[in-house]
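First comes the structure, then the notes that go with it.
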Amino acid sequence: DVQVLRQWNGREHPNDHVAWDGALEHYVTGNDKGRFSLRRVTDDAELAVFHFKRGNPLLSRDGRRLAVQSLAGSIRVWDVATRKVIAEFSSPANETFDLSRDGRRVAADQTDNSIRIRDLDTDQEWKLPATKADPNWLRFSPDGRRLAVSSMHPPLFQIWDLRMRTFTNYAHPKGVLQMAWRPDGRSLAAACEDGKIYLWDLRTHRADVVLSGHQSVVHYVDFHPSGRWLASWAWD
């Protein structure tokens with residue numbers, strides 16, 4: 001049975017953006033003034049405030065690092081415990097980006113469709129070259145060693161091996177809006193514009209399961225930490 005665990009009365013501002021940690025114990029909400037509030041789910045207490053520019057926040061799954069991509073074209077990353085900025089660099093506005101689960105790496109799409117990877121611990125940076133894919137979503141694998149890239153045109157997704165810097169194309173029936181890795185890293189769910197969710201076995205390179213039920217484009221999917229359940233969202 002589905003039960004409501006907590007209800008909020010509303011956001012501070014209609015332009016707020018929200019990000020959650022992997023355990024759903026903390027979340028960050030940001031407003032159009034660039035104020036990002038870290039809050040605890042159980043009592044909604046404000047634990048810390050981070051200031052930047054208006055943008056989109058991401059919390060690492062372990063909750064240790066916060067990244068914000070500003071609409072002005074830059075990314076800033078904080079250590080949540082110390083509240084210190086550990087990195088800041090330019091990045092095109094309105095392009096997709098992702099923070100690895102351990103908060104060690106940032107991936108950011110570039111205007112030429114290349115993908116910029118930055119290691120926050122070593123301050124090293126490199127680019128994955130542009131391919132025929134037009135990235136609209138990036139997602140690190142659970143171990144941070146691979147990167148999934150979705151594309152609407154052409155309809156496909158790619159899996160990059162970040163050590164070898166090679167990729168594999170997975171042709172798709174329709175465009176892929178978003179993706180989610182299963183926690184074991186062996187399979188991936190792809191949210192598709194045909195209203196279906198495709199569960200890909202990355203070892204066999206096959207979509208062995210296709211989930212139907214939505215009546216419109218599927219915009220979001222994510223696995224429960226156990227890998228047993230999958231949540232999806234569409235404009236139904």
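As shown in the structure tokens, the chain order sets the letters A, B, ...; within each chain, residues go from 1, and ligands are also counted from 1 in the order they appear.
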
Can I get the residues of region 83-174 of chain A within 10 Å of region 188-205 of chain A, each with the closest pair of atoms and their distance in Å to one decimal, using only C-alpha atoms, sorted chain first then ascending number, as a Markdown table?
| residue | atom | partner | partner_atom | distance |
| --- | --- | --- | --- | --- |
| A:Ser141 | CA | A:Leu188 | CA | 9.3 |
| A:Ala148 | CA | A:Leu188 | CA | 9.0 |
| A:Ser150 | CA | A:Ala190 | CA | 8.4 |
| A:Met152 | CA | A:Glu193 | CA | 8.4 |
| A:Pro155 | CA | A:Cys192 | CA | 9.2 |
| A:Leu156 | CA | A:Ala190 | CA | 9.7 |
| A:Phe157 | CA | A:Ala190 | CA | 8.5 |
| A:Ile159 | CA | A:Leu202 | CA | 9.0 |
| A:Thr168 | CA | A:His205 | CA | 9.5 |
| A:Asn169 | CA | A:His205 | CA | 9.6 |
| A:Tyr170 | CA | A:His205 | CA | 7.4 |
| A:Ala171 | CA | A:His205 | CA | 9.9 |
| A:His172 | CA | A:Cys192 | CA | 8.6 |
| A:Pro173 | CA | A:Asp194 | CA | 8.1 |
| A:Lys174 | CA | A:Glu193 | CA | 6.0 |

For N, CA, C and O atoms, I'd like the residues from the last selection saved as a short mmCIF file (atom, residue, chain, number, x, y, z; two decimals), in the first residue's frame.
data_model
loop_
_atom_site.label_atom_id
_atom_site.label_comp_id
_atom_site.auth_asym_id
_atom_site.auth_seq_id
_atom_site.Cartn_x
_atom_site.Cartn_y
_atom_site.Cartn_z
N SER A 141 26.85 5.89 -13.54
CA SER A 141 26.53 4.58 -12.99
C SER A 141 26.75 4.60 -11.48
O SER A 141 27.42 5.48 -10.95
N ALA A 148 25.78 7.16 -18.63
CA ALA A 148 24.70 6.95 -19.59
C ALA A 148 24.29 8.30 -20.16
O ALA A 148 24.15 9.29 -19.44
N SER A 150 21.41 10.00 -22.78
CA SER A 150 20.20 9.79 -23.56
C SER A 150 20.11 10.80 -24.69
O SER A 150 20.65 11.90 -24.62
N MET A 152 17.26 12.23 -27.90
CA MET A 152 15.97 12.20 -28.58
C MET A 152 16.16 12.07 -30.09
O MET A 152 15.42 11.37 -30.77
N PRO A 155 17.07 8.68 -31.90
CA PRO A 155 16.56 7.99 -30.72
C PRO A 155 17.51 6.86 -30.27
O PRO A 155 17.54 5.78 -30.87
N LEU A 156 18.27 7.14 -29.23
CA LEU A 156 19.21 6.14 -28.73
C LEU A 156 19.70 6.57 -27.36
O LEU A 156 19.42 7.67 -26.88
N PHE A 157 20.45 5.70 -26.71
CA PHE A 157 21.25 6.11 -25.57
C PHE A 157 22.61 5.46 -25.69
O PHE A 157 22.80 4.49 -26.43
N ILE A 159 26.30 4.24 -23.51
CA ILE A 159 27.00 3.95 -22.26
C ILE A 159 28.49 4.17 -22.51
O ILE A 159 29.10 3.48 -23.33
N THR A 168 29.20 2.63 -26.21
CA THR A 168 28.35 1.69 -26.95
C THR A 168 27.01 2.37 -27.20
O THR A 168 26.42 2.94 -26.28
N ASN A 169 26.53 2.31 -28.44
CA ASN A 169 25.22 2.85 -28.80
C ASN A 169 24.14 1.79 -28.60
O ASN A 169 24.34 0.62 -28.93
N TYR A 170 23.01 2.22 -28.07
CA TYR A 170 21.84 1.37 -27.92
C TYR A 170 20.69 2.03 -28.68
O TYR A 170 20.13 3.04 -28.21
N ALA A 171 20.36 1.52 -29.86
CA ALA A 171 19.27 2.09 -30.66
C ALA A 171 17.95 1.90 -29.93
O ALA A 171 17.72 0.86 -29.29
N HIS A 172 17.07 2.90 -30.03
CA HIS A 172 15.82 2.87 -29.29
C HIS A 172 14.65 3.11 -30.23
O HIS A 172 14.80 3.82 -31.24
N PRO A 173 13.47 2.54 -29.92
CA PRO A 173 12.31 2.74 -30.81
C PRO A 173 11.94 4.21 -30.97
O PRO A 173 11.58 4.65 -32.06
N LYS A 174 11.99 4.97 -29.88
CA LYS A 174 11.71 6.40 -29.89
C LYS A 174 12.74 7.10 -29.01
O LYS A 174 13.55 6.46 -28.34
#

Close residues, region 118-132 of chain A itself excluded, 9 Å, only C-alpha atoms, min 4 positions apart in chain, as a list in words: Val77, Ile86, Ala87, Gly103, Arg104, Arg105, Val106, Ala107, Ala108, Gln110, Asp112, Asn113, Ser114, His153, Pro154, Trp160, Leu162, Arg165 and Thr166 of chain A

Emit the selected residues as a short mmCIF file (atom, residue, chain, number, x, y, z; two decimals), in the first residue's frame, including N, CA, C and O atoms.
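Okay, result00.cif is ready:
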data_model
loop_
_atom_site.label_atom_id
_atom_site.label_comp_id
_atom_site.auth_asym_id
_atom_site.auth_seq_id
_atom_site.Cartn_x
_atom_site.Cartn_y
_atom_site.Cartn_z
N VAL A 77 30.23 23.69 -6.68
CA VAL A 77 30.09 22.48 -5.85
C VAL A 77 30.57 22.79 -4.44
O VAL A 77 31.64 23.37 -4.25
N ILE A 86 34.19 23.74 -3.11
CA ILE A 86 35.34 22.92 -3.50
C ILE A 86 35.65 23.03 -4.98
O ILE A 86 36.72 22.63 -5.43
N ALA A 87 34.71 23.56 -5.77
CA ALA A 87 34.96 23.73 -7.20
C ALA A 87 33.95 24.71 -7.78
O ALA A 87 32.81 24.79 -7.31
N GLY A 103 29.77 11.98 -5.28
CA GLY A 103 30.10 13.39 -5.35
C GLY A 103 31.50 13.70 -5.85
O GLY A 103 31.94 14.85 -5.74
N ARG A 104 32.19 12.74 -6.42
CA ARG A 104 33.57 12.96 -6.84
C ARG A 104 33.69 13.52 -8.25
O ARG A 104 34.69 14.15 -8.59
N ARG A 105 32.69 13.28 -9.10
CA ARG A 105 32.78 13.71 -10.48
C ARG A 105 31.54 14.47 -10.91
O ARG A 105 30.43 14.19 -10.44
N VAL A 106 31.74 15.42 -11.82
CA VAL A 106 30.65 16.15 -12.46
C VAL A 106 30.75 15.92 -13.96
O VAL A 106 31.85 15.97 -14.53
N ALA A 107 29.62 15.66 -14.60
CA ALA A 107 29.55 15.57 -16.05
C ALA A 107 28.62 16.66 -16.55
O ALA A 107 27.53 16.86 -15.98
N ALA A 108 29.02 17.39 -17.58
CA ALA A 108 28.21 18.49 -18.10
C ALA A 108 28.23 18.49 -19.62
O ALA A 108 29.30 18.46 -20.24
N GLN A 110 28.00 20.01 -23.30
CA GLN A 110 28.48 21.25 -23.89
C GLN A 110 27.67 21.59 -25.15
O GLN A 110 26.97 20.73 -25.70
N ASP A 112 28.53 21.95 -28.11
CA ASP A 112 28.92 21.20 -29.31
C ASP A 112 28.62 19.71 -29.17
O ASP A 112 29.06 18.89 -29.99
N ASN A 113 27.86 19.33 -28.10
CA ASN A 113 27.46 17.95 -27.81
C ASN A 113 28.59 17.08 -27.26
O ASN A 113 28.41 15.87 -27.08
N SER A 114 29.76 17.68 -27.01
CA SER A 114 30.75 16.95 -26.24
C SER A 114 30.33 16.98 -24.77
O SER A 114 29.40 17.72 -24.39
N HIS A 153 17.16 12.78 -30.62
CA HIS A 153 17.42 12.80 -32.06
C HIS A 153 18.91 12.64 -32.29
O HIS A 153 19.66 13.58 -32.02
N PRO A 154 19.33 11.47 -32.75
CA PRO A 154 18.53 10.29 -33.07
C PRO A 154 18.09 9.57 -31.79
O PRO A 154 18.66 9.79 -30.72
N TRP A 160 29.03 5.15 -21.79
CA TRP A 160 30.46 5.45 -21.90
C TRP A 160 31.24 4.76 -20.79
O TRP A 160 30.83 4.79 -19.63
N LEU A 162 34.26 5.38 -18.76
CA LEU A 162 35.01 6.60 -18.51
C LEU A 162 36.51 6.36 -18.39
O LEU A 162 37.30 7.29 -18.55
N ARG A 165 37.27 5.52 -22.18
CA ARG A 165 36.74 6.60 -23.00
C ARG A 165 36.21 6.08 -24.34
O ARG A 165 36.44 6.65 -25.41
N THR A 166 35.49 4.98 -24.24
CA THR A 166 34.82 4.38 -25.39
C THR A 166 33.33 4.29 -25.05
O THR A 166 32.94 4.33 -23.87
#

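Distances from A:Arg61, A:Lys33, A:Arg83, A:Arg116 to Asp102 (chain A) were compared using only C-alpha atoms, and the smallest one belongs to A:Arg61.
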
Quick one: contact table of region 64-102 of chain A to region 56-60 of chain A, 9 Å max, nearest atom pair and distance in Å to one decimal per residue, counting only C-alpha atoms, chain and number order, as a Markdown table?
| residue | atom | partner | partner_atom | distance |
| --- | --- | --- | --- | --- |
| A:Arg64 | CA | A:Ser60 | CA | 6.3 |
| A:Arg65 | CA | A:Ser60 | CA | 5.5 |
| A:Leu66 | CA | A:Leu59 | CA | 4.7 |
| A:Ala67 | CA | A:Leu58 | CA | 5.2 |
| A:Val68 | CA | A:Pro57 | CA | 4.3 |
| A:Gln69 | CA | A:Asn56 | CA | 5.3 |
| A:Ser70 | CA | A:Asn56 | CA | 6.5 |
| A:Leu71 | CA | A:Asn56 | CA | 7.9 |
| A:Asp98 | CA | A:Leu58 | CA | 7.5 |
| A:Leu99 | CA | A:Ser60 | CA | 6.2 |
| A:Ser100 | CA | A:Ser60 | CA | 6.4 |
| A:Arg101 | CA | A:Ser60 | CA | 4.9 |
| A:Asp102 | CA | A:Ser60 | CA | 6.0 |

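Using only C-alpha atoms, the nearest neighbour of Leu147 (chain A) within the list A:Gly213, A:Pro92, A:Gly185, A:Gly73 is A:Gly185.
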
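Proximity of A:Leu38, A:Val176, A:Val209, A:Ala234 to Val18 (chain A), computed with only C-alpha atoms, is greatest for A:Leu38.
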
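The space between CA of Ile117 (chain A) and CA of Trp78 (chain A) spans 17.1 Å.
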
Strand (DSSP E) call set, DSSP backbone run, region 1-213 of chain A, as a ChimeraX atom specification: /A:17-20,26-30,35-40,46-51,55-59,65-70,74-79,84-90,97-99,105-109,115-119,125-128,135-140,146-151,156-161,166-171,176-181,187-192,197-201,206-211

Selected residue, from A:Arg54, A:Arg182, A:Arg228, A:Arg39, that lies nearest to Phe140 (chain A) when counting only C-alpha atoms: A:Arg182

For CA of Ser151 (chain A) and CA of Arg206 (chain A), the interatomic separation in Å (one decimal): 17.6 Å

One-decimal distance in Å that lies between CA of Gly22 (chain A) and CA of Leu47 (chain A): 17.3 Å

Selection: 7 Å around Tyr220 (chain A), only C-alpha atoms, excl. self and same-chain fewer than 2 positions, as a VMD selection string: chain A and resid 178 191 218 222 232 to 234
